[in-house]
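Q: Take a look at the following structure, please.
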Amino acid sequence: MLADPRSLLARACGSDGYTTTDHLLMLVLDELRVHTWQRTKDGSKGRNRPKPVSPLAHRPGARTGRTTRRPAEVRALLARHAPQPDR
């Protein structure tokens with residue numbers, strides 16, 4: 001049931017109704033639109049940027065690149081979850 005993103009079970013678990021392929025195609029489309037926009041007069045001046053199609057780009061409250069944690073906490077967290085070297 002979880003394999004079908006439109007099933008009630010998948011929705012109850014947080015699915016947005018799109019498959020992984022759908023998400024990847026929308027992200028590719030977003031990148032192509034930005035690539036084309038950057039080569040226009042609007043793009044060179046940084047105005048009228050195209051709105052993303054992918055729902056992954058519209059996550060309210062989602063942040064990347066910033067944290068309120070101290071650098072030592074971040075290093076410890078990354079060390080804990082880093083892949084272990086093969087022995």
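Ligands are numbered from 1 in the order shown, residues from 1 within each chain, and chains are lettered A, B, ... in the order they appear in the structure tokens.
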Could you give me, as a PyMOL selection string, the residues within 10 Å of range 50-55 of chain A, counting only C-alpha atoms and dropping anything in the same chain fewer than 4 positions from it?
A: chain A and resi 16+18+22-31+33-34+36-38+43+59
Q: Name the residues of range 21-74 of chain A that come out as alpha helix (DSSP H) in a backbone DSSP run; write them as a PyMOL selection string.
A: chain A and resi 21-38+41-45+71-74
Q: Could you save the residues just selected, with C-alpha atoms, as a compact mmCIF listing (two decimals), in the first residue's frame?
A:
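Result written to out-v8.txt:
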```txt
# COMPACT_ATOMS: atom_id res chain seq x y z
CA THR A 21 9.87 9.59 -10.66
CA ASP A 22 7.35 12.44 -10.59
CA HIS A 23 9.48 14.34 -8.07
CA LEU A 24 12.66 13.83 -10.08
CA LEU A 25 11.03 14.99 -13.31
CA MET A 26 9.65 18.12 -11.62
CA LEU A 27 13.07 18.92 -10.14
CA VAL A 28 14.67 18.52 -13.59
CA LEU A 29 12.02 20.82 -15.06
CA ASP A 30 12.71 23.42 -12.35
CA GLU A 31 16.44 23.34 -13.09
CA LEU A 32 15.86 23.67 -16.84
CA ARG A 33 13.56 26.64 -16.28
CA VAL A 34 16.13 28.37 -14.06
CA HIS A 35 18.89 27.57 -16.58
CA THR A 36 16.89 29.20 -19.37
CA TRP A 37 15.89 32.17 -17.20
CA GLN A 38 19.53 32.88 -16.27
CA LYS A 41 17.76 39.92 -19.55
CA ASP A 42 15.58 39.32 -16.49
CA GLY A 43 17.94 36.60 -15.28
CA SER A 44 21.02 38.77 -15.68
CA LYS A 45 19.34 41.40 -13.53
CA PRO A 71 29.79 24.28 15.83
CA ALA A 72 30.92 21.65 18.36
CA GLU A 73 27.41 20.18 18.42
CA VAL A 74 27.29 20.03 14.63
```
Q: Could you tell me how far CA of Arg66 in chain A lies from CA of Gln84 in chain A, in Å and to one decimal?
A: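 Going from CA of Arg66 in chain A over to CA of Gln84 in chain A covers 25.6 Å.
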